[in-house]
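Enquirer: Here you go, this is work_13.txt (compact mmCIF, C-alpha atoms and all ligand atoms).
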```txt
# COMPACT_ATOMS: atom_id res chain seq x y z
CA MET A 1 3.54 -24.76 -2.24
CA SER A 2 4.72 -23.24 -5.52
CA ILE A 3 2.45 -22.53 -8.48
CA THR A 4 3.34 -22.97 -12.14
CA LEU A 5 1.82 -20.59 -14.67
CA SER A 6 2.04 -20.46 -18.42
CA LYS A 7 1.22 -18.17 -21.32
CA ARG A 8 -2.38 -17.09 -21.50
CA ASN A 9 -3.92 -17.77 -24.89
CA LYS A 10 -7.31 -16.20 -24.32
CA GLY A 11 -7.93 -12.57 -23.47
CA LEU A 12 -9.29 -11.41 -20.12
CA LYS A 13 -12.96 -10.53 -20.49
CA GLY A 14 -15.85 -9.28 -18.41
CA ARG A 15 -16.32 -7.49 -15.13
CA TYR A 16 -13.97 -7.85 -12.18
CA THR A 17 -13.92 -6.60 -8.62
CA VAL A 18 -10.80 -6.25 -6.49
CA PRO A 19 -10.37 -6.38 -2.71
CA GLY A 20 -10.85 -3.27 -0.62
CA ASP A 21 -8.12 -0.65 -0.50
CA LYS A 22 -5.45 -1.76 1.96
CA SER A 23 -4.46 1.73 3.10
CA ILE A 24 -8.05 2.82 3.67
CA SER A 25 -8.96 -0.47 5.39
CA HIS A 26 -6.11 -0.04 7.91
CA ARG A 27 -7.08 3.53 8.63
CA SER A 28 -10.79 2.70 8.99
CA VAL A 29 -9.97 0.40 11.91
CA MET A 30 -7.26 2.57 13.48
CA LEU A 31 -9.28 5.78 13.38
CA GLY A 32 -12.57 3.99 14.14
CA ALA A 33 -10.96 2.53 17.28
CA ILE A 34 -10.12 5.98 18.67
CA SER A 35 -13.43 7.55 17.65
CA GLU A 36 -16.53 7.73 19.82
CA GLY A 37 -19.42 5.50 18.80
CA THR A 38 -19.83 2.54 16.51
CA GLY A 39 -18.71 2.51 12.88
CA HIS A 40 -19.59 -0.05 10.23
CA ILE A 41 -16.99 -0.67 7.57
CA THR A 42 -17.95 -2.33 4.28
CA GLY A 43 -15.61 -3.46 1.50
CA PHE A 44 -12.86 -4.06 4.06
CA LEU A 45 -9.74 -5.86 2.79
CA ASN A 46 -9.87 -9.27 4.42
CA GLY A 47 -6.16 -9.80 3.93
CA ALA A 48 -3.57 -10.70 6.54
CA ASP A 49 -2.14 -7.15 6.79
CA CYS A 50 -5.44 -5.60 7.83
CA THR A 51 -6.20 -8.52 10.14
CA SER A 52 -2.94 -7.65 11.91
CA THR A 53 -4.29 -4.15 12.50
CA ILE A 54 -7.58 -5.53 13.86
CA ASN A 55 -5.72 -7.85 16.21
CA CYS A 56 -3.52 -5.02 17.53
CA PHE A 57 -6.58 -2.97 18.45
CA ARG A 58 -8.38 -5.94 19.96
CA SER A 59 -5.28 -6.37 22.15
CA MET A 60 -5.81 -2.79 23.29
CA GLY A 61 -9.36 -3.53 24.44
CA VAL A 62 -11.29 -2.39 21.35
CA ASP A 63 -14.37 -4.47 20.57
CA ILE A 64 -14.20 -5.22 16.84
CA GLU A 65 -16.75 -7.49 15.17
CA TYR A 66 -15.03 -9.23 12.28
CA ASP A 67 -15.44 -12.74 11.01
CA GLY A 68 -12.86 -12.67 8.23
CA GLY A 69 -15.26 -11.20 5.64
CA THR A 70 -15.49 -7.70 4.21
CA ASP A 71 -17.77 -6.22 6.88
CA VAL A 72 -16.28 -4.91 10.11
CA THR A 73 -17.92 -3.16 13.05
CA VAL A 74 -15.65 -1.12 15.28
CA HIS A 75 -16.92 -0.03 18.68
CA GLY A 76 -14.74 3.03 19.16
CA VAL A 77 -13.31 3.81 22.59
CA GLY A 78 -12.50 7.47 21.92
CA LEU A 79 -9.08 9.14 21.91
CA HIS A 80 -8.34 8.18 25.51
CA GLY A 81 -9.97 4.76 25.81
CA LEU A 82 -7.27 2.34 24.64
CA LYS A 83 -6.05 -0.19 27.20
CA SER A 84 -2.52 -1.33 27.82
CA PRO A 85 -1.84 -4.46 25.70
CA GLU A 86 -0.72 -7.50 27.69
CA ALA A 87 1.78 -8.74 25.13
CA MET A 88 3.96 -7.36 22.37
CA LEU A 89 1.73 -6.25 19.45
CA ASP A 90 2.23 -8.35 16.32
CA CYS A 91 2.05 -6.33 13.10
CA GLY A 92 2.73 -9.37 10.89
CA ASN A 93 4.04 -8.31 7.48
CA SER A 94 2.46 -4.86 7.65
CA GLY A 95 4.66 -1.77 7.56
CA THR A 96 1.55 0.40 7.60
CA THR A 97 0.40 -1.15 10.87
CA THR A 98 3.84 -0.91 12.47
CA ARG A 99 4.55 2.68 11.56
CA ILE A 100 1.12 4.26 12.00
CA ILE A 101 0.36 2.49 15.28
CA SER A 102 3.73 3.59 16.66
CA GLY A 103 2.59 7.20 16.41
CA LEU A 104 -0.64 6.39 18.19
CA LEU A 105 1.11 4.40 20.91
CA SER A 106 3.54 7.24 21.54
CA GLY A 107 0.64 9.32 22.79
CA GLN A 108 -0.78 6.72 25.19
CA PRO A 109 -0.40 6.74 28.99
CA PHE A 110 0.86 3.12 28.94
CA SER A 111 3.97 1.31 27.74
CA SER A 112 3.84 -0.94 24.71
CA SER A 113 6.03 -2.84 22.30
CA LEU A 114 5.44 -3.99 18.76
CA THR A 115 7.09 -6.13 16.14
CA GLY A 116 6.30 -8.22 13.06
CA ASP A 117 7.63 -10.94 10.79
CA ALA A 118 11.20 -11.31 9.50
CA SER A 119 10.62 -8.75 6.73
CA ILE A 120 9.18 -6.15 9.13
CA GLN A 121 12.17 -6.55 11.43
CA LYS A 122 14.43 -5.43 8.57
CA ARG A 123 12.43 -2.39 7.47
CA PRO A 124 13.65 1.08 8.43
CA MET A 125 11.94 2.55 11.50
CA LYS A 126 14.39 5.42 12.09
CA ARG A 127 12.18 7.43 9.74
CA ILE A 128 9.51 7.40 12.48
CA ILE A 129 11.71 7.11 15.58
CA GLU A 130 13.49 10.39 14.76
CA PRO A 131 10.49 12.66 14.25
CA LEU A 132 8.51 11.02 17.06
CA SER A 133 11.48 11.66 19.34
CA LEU A 134 11.46 15.31 18.23
CA MET A 135 7.85 15.41 19.45
CA GLY A 136 9.08 14.16 22.82
CA ALA A 137 8.11 10.51 22.34
CA ASP A 138 9.98 7.79 24.18
CA ILE A 139 10.41 5.23 21.42
CA ARG A 140 13.42 3.06 20.74
CA SER A 141 14.49 0.12 18.66
CA LYS A 142 14.94 -2.81 21.03
CA LEU A 143 18.06 -4.09 19.25
CA ASP A 144 19.28 -0.57 18.57
CA ASN A 145 19.39 -1.30 14.86
CA GLY A 146 16.73 1.18 13.75
CA CYS A 147 14.23 -1.62 13.20
CA ALA A 148 11.39 -3.37 15.07
CA PRO A 149 10.86 -4.58 17.75
CA LEU A 150 10.02 -1.09 18.98
CA ILE A 151 9.58 -0.23 22.65
CA ILE A 152 7.40 2.76 23.53
CA SER A 153 6.96 4.35 26.96
CA PRO A 154 4.55 7.12 27.99
CA SER A 155 5.71 10.72 27.56
CA LYS A 156 4.39 14.20 26.93
CA LEU A 157 4.17 15.03 23.24
CA HIS A 158 4.72 18.46 21.69
CA GLY A 159 3.62 19.74 18.30
CA ILE A 160 6.41 20.12 15.75
CA ALA A 161 6.97 21.36 12.23
CA TYR A 162 8.64 18.49 10.43
CA ALA A 163 10.08 18.46 6.92
CA SER A 164 10.12 14.78 6.08
CA PRO A 165 13.07 13.67 3.95
CA VAL A 166 10.87 10.97 2.37
CA ALA A 167 7.47 11.12 0.71
CA SER A 168 5.92 8.46 2.90
CA ALA A 169 2.28 8.26 3.92
CA GLN A 170 3.24 5.88 6.70
CA VAL A 171 5.60 8.47 8.22
CA LYS A 172 3.10 11.29 7.69
CA SER A 173 0.24 9.26 9.18
CA CYS A 174 2.36 8.12 12.12
CA LEU A 175 3.07 11.74 13.01
CA LEU A 176 -0.56 12.79 12.51
CA MET A 177 -1.62 10.04 14.92
CA ALA A 178 0.88 11.25 17.53
CA ALA A 179 -0.23 14.82 16.82
CA LEU A 180 -3.71 14.00 18.13
CA TYR A 181 -2.08 13.68 21.57
CA ALA A 182 0.36 16.62 21.44
CA ASP A 183 0.09 19.93 23.26
CA GLY A 184 0.15 22.02 20.07
CA SER A 185 -0.22 21.87 16.28
CA THR A 186 1.95 19.59 14.19
CA THR A 187 2.82 20.30 10.56
CA VAL A 188 4.33 17.65 8.30
CA THR A 189 5.80 18.76 4.98
CA GLU A 190 6.74 16.19 2.38
CA PRO A 191 9.11 16.42 -0.59
CA ALA A 192 6.26 15.14 -2.80
CA LEU A 193 2.67 14.42 -1.89
CA SER A 194 2.10 10.88 -0.63
CA ARG A 195 -1.32 9.22 -0.33
CA ASN A 196 -3.69 11.37 1.72
CA HIS A 197 -6.21 8.83 3.04
CA THR A 198 -5.40 9.65 6.68
CA GLU A 199 -6.10 13.33 6.12
CA ILE A 200 -9.40 12.60 4.33
CA MET A 201 -10.61 10.21 7.01
CA MET A 202 -9.44 12.25 10.00
CA ARG A 203 -11.25 15.29 8.60
CA ALA A 204 -14.44 13.28 8.07
CA LEU A 205 -14.32 12.00 11.66
CA GLY A 206 -13.97 15.49 13.10
CA ALA A 207 -10.24 16.21 13.45
CA ASP A 208 -8.96 19.75 12.91
CA ILE A 209 -6.66 19.01 9.98
CA LYS A 210 -5.73 21.27 7.09
CA SER A 211 -3.82 20.39 3.93
CA ASP A 212 -1.90 23.06 2.06
CA GLY A 213 0.13 21.82 -0.90
CA LEU A 214 2.84 19.52 0.43
CA SER A 215 2.05 20.38 4.07
CA VAL A 216 -0.59 19.12 6.43
CA THR A 217 -1.33 20.59 9.87
CA LEU A 218 -3.20 18.88 12.66
CA THR A 219 -4.34 20.87 15.68
CA PRO A 220 -5.25 18.63 18.60
CA GLY A 221 -8.27 19.10 20.81
CA SER A 222 -11.12 17.86 18.62
CA ARG A 223 -12.80 14.57 19.44
CA LEU A 224 -13.33 12.00 16.70
CA TYR A 225 -16.80 10.56 16.03
CA SER A 226 -17.33 7.20 14.30
CA GLN A 227 -18.76 7.04 10.82
CA ASP A 228 -19.70 4.26 8.46
CA ILE A 229 -17.04 3.80 5.81
CA ALA A 230 -17.42 2.15 2.39
CA VAL A 231 -13.89 1.15 1.37
CA PRO A 232 -13.35 1.33 -2.41
CA GLY A 233 -11.43 -1.34 -4.35
CA ASP A 234 -7.66 -1.10 -4.18
CA ILE A 235 -6.01 0.41 -7.27
CA SER A 236 -2.78 -1.33 -6.19
CA SER A 237 -4.57 -4.68 -6.60
CA ALA A 238 -6.42 -3.56 -9.73
CA ALA A 239 -2.95 -2.78 -11.13
CA PHE A 240 -2.28 -6.47 -11.81
CA LEU A 241 -5.53 -6.92 -13.73
CA ILE A 242 -4.97 -3.68 -15.63
CA ALA A 243 -1.45 -4.83 -16.56
CA ALA A 244 -2.70 -8.26 -17.63
CA ALA A 245 -5.55 -6.84 -19.70
CA LEU A 246 -3.26 -4.34 -21.45
CA THR A 247 -0.74 -6.99 -22.46
CA VAL A 248 -2.66 -10.24 -23.01
CA PRO A 249 -4.07 -10.09 -26.56
CA ASP A 250 -7.83 -9.73 -27.06
CA SER A 251 -8.60 -8.54 -23.52
CA ASP A 252 -11.45 -6.21 -22.65
CA ILE A 253 -12.37 -5.84 -18.98
CA VAL A 254 -14.05 -3.51 -16.54
CA ILE A 255 -12.76 -3.40 -12.96
CA GLN A 256 -15.57 -2.09 -10.80
CA ASN A 257 -15.49 0.35 -7.93
CA VAL A 258 -11.78 1.20 -7.76
CA GLY A 259 -10.36 4.08 -5.71
CA ILE A 260 -8.77 6.66 -8.02
CA ASN A 261 -7.65 9.21 -5.42
CA PRO A 262 -5.18 11.53 -7.29
CA THR A 263 -2.46 10.59 -4.78
CA ARG A 264 -2.83 6.96 -5.95
CA ASP A 265 -3.69 7.11 -9.66
CA GLY A 266 -0.17 7.47 -11.10
CA ILE A 267 -0.39 4.07 -12.76
CA LEU A 268 -3.31 5.23 -14.89
CA ARG A 269 -1.46 8.36 -15.95
CA VAL A 270 1.67 6.35 -16.80
CA PHE A 271 -0.16 3.68 -18.79
CA GLU A 272 -2.04 6.41 -20.67
CA ALA A 273 1.30 8.03 -21.52
CA MET A 274 2.43 4.62 -22.83
CA GLY A 275 -0.55 4.50 -25.18
CA ALA A 276 -3.01 2.45 -23.11
CA ASP A 277 -6.70 2.27 -23.91
CA ILE A 278 -8.07 2.91 -20.41
CA THR A 279 -11.35 4.70 -19.72
CA LEU A 280 -12.76 5.75 -16.36
CA VAL A 281 -16.48 5.10 -16.20
CA ASP A 282 -19.04 6.49 -13.73
CA LYS A 283 -16.67 8.65 -11.65
CA ARG A 284 -18.09 9.21 -8.16
CA THR A 285 -17.02 9.65 -4.53
CA ALA A 286 -17.35 7.30 -1.55
CA ALA A 287 -16.13 8.06 1.97
CA GLY A 288 -14.54 11.24 0.59
CA GLU A 289 -12.49 9.22 -1.91
CA ASP A 290 -12.71 9.38 -5.73
CA VAL A 291 -13.96 6.11 -7.21
CA ALA A 292 -14.62 4.83 -10.75
CA ASP A 293 -14.99 1.71 -12.85
CA ILE A 294 -11.90 1.17 -14.98
CA HIS A 295 -12.36 -0.09 -18.55
CA VAL A 296 -9.17 -1.58 -20.01
CA LYS A 297 -8.51 -3.03 -23.46
CA THR A 298 -5.40 -4.68 -24.90
CA SER A 299 -3.15 -1.92 -26.17
CA SER A 300 0.02 -1.45 -28.11
CA LEU A 301 2.32 0.26 -25.62
CA HIS A 302 5.53 2.25 -25.92
CA GLY A 303 8.21 3.25 -23.40
CA THR A 304 8.06 6.33 -21.19
CA VAL A 305 9.90 8.19 -18.42
CA ILE A 306 8.56 7.84 -14.85
CA SER A 307 10.17 10.15 -12.30
CA GLY A 308 9.66 12.96 -9.79
CA ASP A 309 6.40 13.80 -8.07
CA ILE A 310 4.42 11.00 -9.70
CA ILE A 311 6.52 8.32 -7.95
CA PRO A 312 4.69 8.29 -4.57
CA THR A 313 1.38 7.99 -6.44
CA LEU A 314 2.40 4.67 -8.00
CA ILE A 315 5.16 3.38 -5.73
CA ASP A 316 3.55 -0.02 -5.06
CA GLU A 317 2.72 -0.47 -8.74
CA LEU A 318 6.25 -0.03 -10.08
CA PRO A 319 7.07 -3.77 -10.13
CA VAL A 320 4.13 -4.55 -12.40
CA ILE A 321 4.73 -1.38 -14.43
CA ALA A 322 8.28 -2.69 -15.02
CA VAL A 323 6.83 -5.99 -16.27
CA VAL A 324 4.55 -4.13 -18.68
CA ALA A 325 7.45 -1.92 -19.80
CA ALA A 326 9.47 -5.04 -20.64
CA SER A 327 6.84 -6.04 -23.17
CA ALA A 328 6.26 -2.51 -24.53
CA GLU A 329 8.11 -1.07 -27.52
CA GLY A 330 11.19 0.98 -26.63
CA THR A 331 12.87 2.24 -23.49
CA THR A 332 11.22 3.01 -20.16
CA LEU A 333 13.23 4.92 -17.61
CA ILE A 334 12.13 4.78 -13.96
CA LYS A 335 13.96 7.00 -11.49
CA ASP A 336 13.54 8.71 -8.08
CA ALA A 337 12.14 5.43 -6.73
CA LYS A 338 14.81 4.53 -4.19
CA GLU A 339 12.03 3.74 -1.69
CA LEU A 340 11.50 0.50 -3.63
CA ARG A 341 14.64 -0.83 -1.98
CA VAL A 342 13.01 -0.76 1.49
CA LYS A 343 9.60 -2.24 0.76
CA GLU A 344 8.60 -5.83 1.66
CA SER A 345 11.72 -6.76 -0.34
CA ASP A 346 14.36 -4.82 -2.27
CA ARG A 347 12.05 -4.47 -5.24
CA ILE A 348 14.67 -2.89 -7.49
CA SER A 349 17.02 -5.86 -7.18
CA LEU A 350 14.31 -8.50 -7.34
CA VAL A 351 12.37 -7.07 -10.28
CA THR A 352 15.63 -6.76 -12.19
CA ALA A 353 16.81 -10.29 -11.39
CA ASN A 354 13.43 -11.81 -12.21
CA LEU A 355 12.89 -9.92 -15.44
CA LYS A 356 16.45 -10.77 -16.52
CA ALA A 357 15.73 -14.44 -15.77
CA MET A 358 12.76 -14.12 -18.12
CA GLY A 359 14.96 -12.73 -20.88
CA ALA A 360 14.09 -9.04 -20.56
CA ASP A 361 16.60 -6.27 -21.17
CA ILE A 362 16.60 -4.43 -17.83
CA GLU A 363 19.23 -2.69 -15.79
CA ALA A 364 18.89 -1.67 -12.15
CA THR A 365 19.98 1.81 -11.11
CA GLU A 366 20.29 3.05 -7.56
CA ASP A 367 16.80 4.54 -7.67
CA GLY A 368 15.00 2.70 -10.46
CA PHE A 369 15.37 0.83 -13.74
CA ILE A 370 16.24 1.20 -17.39
CA ILE A 371 14.07 -1.20 -19.36
CA ASN A 372 14.50 -1.75 -23.07
CA GLY A 373 11.10 -3.13 -24.02
CA LYS A 374 11.01 -5.81 -26.64
CA GLY A 375 7.63 -5.11 -28.19
CA ASP A 376 5.06 -7.78 -28.91
CA PRO A 377 6.89 -10.12 -31.29
CA LEU A 378 9.60 -11.04 -28.75
CA PRO A 379 7.91 -12.58 -25.73
CA LEU A 380 9.41 -13.20 -22.32
CA GLN A 381 10.63 -16.69 -21.37
CA GLY A 382 9.21 -18.60 -18.43
CA ALA A 383 11.52 -18.83 -15.40
CA LYS A 384 11.64 -19.75 -11.76
CA ILE A 385 10.92 -16.49 -9.95
CA GLU A 386 12.38 -15.36 -6.67
CA ASP A 387 9.43 -13.79 -4.81
CA ALA A 388 11.09 -13.28 -1.37
CA LEU A 389 7.60 -13.79 0.11
CA ASP A 390 6.73 -10.32 -1.23
CA HIS A 391 3.07 -10.25 -2.35
CA ARG A 392 3.58 -7.66 -5.04
CA MET A 393 6.54 -9.56 -6.47
CA ALA A 394 4.51 -12.79 -6.70
CA MET A 395 1.61 -10.99 -8.41
CA SER A 396 3.78 -8.94 -10.79
CA PHE A 397 5.50 -12.06 -12.05
CA ALA A 398 2.24 -13.97 -12.30
CA VAL A 399 1.29 -11.28 -14.82
CA ALA A 400 4.67 -11.68 -16.56
CA ALA A 401 4.00 -15.45 -16.73
CA LEU A 402 0.88 -14.81 -18.82
CA LEU A 403 3.10 -13.23 -21.51
CA ALA A 404 5.94 -15.76 -21.38
CA ASP A 405 6.77 -18.81 -23.47
CA GLY A 406 7.18 -21.83 -21.22
CA ASP A 407 6.45 -22.31 -17.55
CA THR A 408 6.93 -19.71 -14.82
CA VAL A 409 7.17 -20.89 -11.23
CA ILE A 410 6.11 -18.64 -8.35
CA PRO A 411 7.55 -20.29 -5.20
CA HIS A 412 5.30 -18.76 -2.54
CA PRO A 413 1.92 -17.88 -4.03
CA GLU A 414 0.40 -17.88 -0.54
CA CYS A 415 2.21 -14.60 0.24
CA VAL A 416 -0.48 -12.73 -1.74
CA SER A 417 -2.78 -13.29 1.24
CA VAL A 418 -1.64 -10.01 2.78
CA SER A 419 -3.36 -7.90 0.12
CA TYR A 420 -5.20 -10.05 -2.47
CA PRO A 421 -6.12 -13.48 -1.10
CA ASP A 422 -8.03 -14.66 -4.23
CA PHE A 423 -5.54 -13.34 -6.76
CA PHE A 424 -4.51 -16.63 -8.36
CA LYS A 425 -8.11 -17.83 -8.55
CA ILE A 426 -9.19 -14.60 -10.26
CA LEU A 427 -6.25 -14.66 -12.66
CA SER A 428 -7.13 -18.17 -13.83
CA LEU A 429 -10.72 -17.23 -14.78
C1 LIG A 501 1.13 2.96 2.59
C2 LIG A 501 2.12 3.81 2.20
C3 LIG A 501 3.20 3.42 1.29
C4 LIG A 501 2.88 2.15 0.53
C5 LIG A 501 2.31 1.09 1.43
C6 LIG A 501 1.04 1.58 2.09
C7 LIG A 501 0.09 3.45 3.54
O1 LIG A 501 4.37 3.19 2.05
O2 LIG A 501 4.02 1.66 -0.12
O3 LIG A 501 2.03 -0.09 0.69
O4 LIG A 501 -0.96 2.80 3.67
O5 LIG A 501 0.32 4.49 4.15
P1 LIG A 501 5.38 4.37 2.47
O6 LIG A 501 4.70 5.27 3.39
O7 LIG A 501 6.54 3.66 3.11
O8 LIG A 501 5.75 5.03 1.17
```
Written as structure tokens, that's how I'd like the structure from this file.
Expert:
Amino acid sequence: MSITLSKRNKGLKGRYTVPGDKSISHRSVMLGAISEGTGHITGFLNGADCTSTINCFRSMGVDIEYDGGTDVTVHGVGLHGLKSPEAMLDCGNSGTTTRIISGLLSGQPFSSSLTGDASIQKRPMKRIIEPLSLMGADIRSKLDNGCAPLIISPSKLHGIAYASPVASAQVKSCLLMAALYADGSTTVTEPALSRNHTEIMMRALGADIKSDGLSVTLTPGSRLYSQDIAVPGDISSAAFLIAAALTVPDSDIVIQNVGINPTRDGILRVFEAMGADITLVDKRTAAGEDVADIHVKTSSLHGTVISGDIIPTLIDELPVIAVVAASAEGTTLIKDAKELRVKESDRISLVTANLKAMGADIEATEDGFIINGKGDPLPLQGAKIEDALDHRMAMSFAVAALLADGDTVIPHPECVSVSYPDFFKILSL
């Protein structure tokens, strides 16, 4: 059922927490499942995407204690202990599950198949099919359209040196998973550094993995041993609260315990360049990841240029950054972000259409946006949003609604359940 939101007249105040990091939550289950021993995960994201990952591993015989909360216990079966799943694995809406598990499945001595919802079945899988095939994997798209369902049969994997054409942590992690089962080292080189949570966690669990600039090399042969993992809050979820606090007048909030890994913190760097009053408090590390509390106050923002190597570090945040840019003073140029077109929706088209519907001056380019921000005195207008069941679209335009005159309708608020189940409740506080 749709939700109608209107302009927020009081500032956001106080201390907030956000759900656990989605990327780290996925990896904690995937890598825990193929480790030896039992690992306790705290701060797990209890969203639908990570539940899909849990269900896939349960289908492969892994005993995972999980009751829908934020604590998970994974009884690892070791690198060679997975069992053949009886049915096609269902990855739901999760591209991370689909792509990373495909690498793991390619190294197993059993056949498997996997698919997901309507959105997953449209997302590009050639980016993993091609390099996995170079490793010797037997993986194909069932409909021969480069998309899921994917069918995987057992084969012997070889190490490769792969220069990925895209900066994608899902592609990199997929290949690193397959590399655990290859007969030699695998090196993946990216055009720009994508999030490195897989590398950090694999290293902590005992894998022989070395990062060198844009390259990472995994040498198989080491066993993985379970560890307890404290998942930090997700900066991609914190992004919506940061954006709201920066733009809704008289806001002053602290978001506690957020992951600020340098491969994920681009949003902070961009907002700072736009003039934001953001302070990182009590910087620390947890599970090898940088963590801090983020203090945000309403700020007068100006336009900026966002391009190049910073893009992978804020790729999921670009929709809400575009919303903030529309209310900042002056022009914001976002380029080199073509990947946005193949996320849960075509986020370049949808952000542009929705911001236009709200009266913003925005133009889509092939790989980004040109946004002529209106500054504070000219607010956005409420509109009926098209969310395409994309969680980040629904949340980005919920933030826009707080700044808009008149009502804004989000048609499918329930789609936020994949990454931030309580989002609308938190936003209304
Ligand atoms: C993710 C990687 C990114 C990101 C996605 C999560 C991950 O995707 O957009 O939300 O956990 O590895 P790409 O690898 O397609 O860039």
Enquirer: Any idea what the distance is between atom CA of A:Val188 and atom CA of A:Asp212?
Expert: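 We find that atom CA of A:Val188 and atom CA of A:Asp212 lie 10.3 Å from each other.
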Enquirer: Choose the residue, out of A:Asp405, A:Asp316, A:Asp265, A:Asp117, that has the smallest atom-to-atom separation from ligand LIG 501 (chain A); count all atoms listed in the file.
Expert: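 Once distances to ligand LIG 501 (chain A) are computed over all atoms listed in the file, the minimum belongs to A:Asp316.
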Enquirer: Would you list the contacts of A:Thr279 as a compact mmCIF listing (two decimals) with C-alpha atoms, keeping the file's coordinate frame, taking every protein, DNA or RNA residue within 12 Å and counting all atoms listed in the file, but skipping same-chain residues closer than 2 positions in sequence?
Expert:
```
# COMPACT_ATOMS: atom_id res chain seq x y z
CA ILE A 242 -4.97 -3.68 -15.63
CA ASP A 252 -11.45 -6.21 -22.65
CA ILE A 253 -12.37 -5.84 -18.98
CA VAL A 254 -14.05 -3.51 -16.54
CA ILE A 255 -12.76 -3.40 -12.96
CA GLN A 256 -15.57 -2.09 -10.80
CA LEU A 268 -3.31 5.23 -14.89
CA ARG A 269 -1.46 8.36 -15.95
CA PHE A 271 -0.16 3.68 -18.79
CA GLU A 272 -2.04 6.41 -20.67
CA ALA A 276 -3.01 2.45 -23.11
CA ASP A 277 -6.70 2.27 -23.91
CA VAL A 281 -16.48 5.10 -16.20
CA ASP A 282 -19.04 6.49 -13.73
CA LYS A 283 -16.67 8.65 -11.65
CA ALA A 292 -14.62 4.83 -10.75
CA ASP A 293 -14.99 1.71 -12.85
CA ILE A 294 -11.90 1.17 -14.98
CA HIS A 295 -12.36 -0.09 -18.55
CA VAL A 296 -9.17 -1.58 -20.01
CA LYS A 297 -8.51 -3.03 -23.46
```
Enquirer: Could you give me the residues within 10 Å of ligand LIG 501 (chain A), counting all atoms listed in the file, as number ranges by chain?
Expert: A: 21-27, 94-97, 99-100, 123-124, 127, 166-174, 194-198, 236, 264, 311-317, 339-340, 342-344, 392, 419
Enquirer: For A:Leu31, find every residue with an atom within 8 Å (counting all atoms listed in the file), except residues of its own chain fewer than 4 positions away, and show them as a list in words.
Expert: Arg27, Ser35, Met201 and Met202 of chain A
Enquirer: Atoms to include: C-alpha atoms. Write the selected residues as a short mmCIF file (atom, residue, chain, number, x, y, z; two decimals), keeping the file's coordinate frame.
Expert:
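Below you can see result.cif, which holds the result:
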```cif
data_model
loop_
_atom_site.label_atom_id
_atom_site.label_comp_id
_atom_site.auth_asym_id
_atom_site.auth_seq_id
_atom_site.Cartn_x
_atom_site.Cartn_y
_atom_site.Cartn_z
CA ARG A 27 -7.08 3.53 8.63
CA SER A 35 -13.43 7.55 17.65
CA MET A 201 -10.61 10.21 7.01
CA MET A 202 -9.44 12.25 10.00
#
```
Enquirer: Could you jot down the atom CA of A:Val305 to atom CA of A:Ser164 separation for me, Å, one decimal place?
Expert: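 A separation of 25.4 Å between them.
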Enquirer: At what distance in Å, to one decimal, does atom CA of A:Asn261 lie from atom CA of A:Val231?
Expert: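 Computed distance, atom CA of A:Val231 to atom CA of A:Asn261, equals 12.2 Å.
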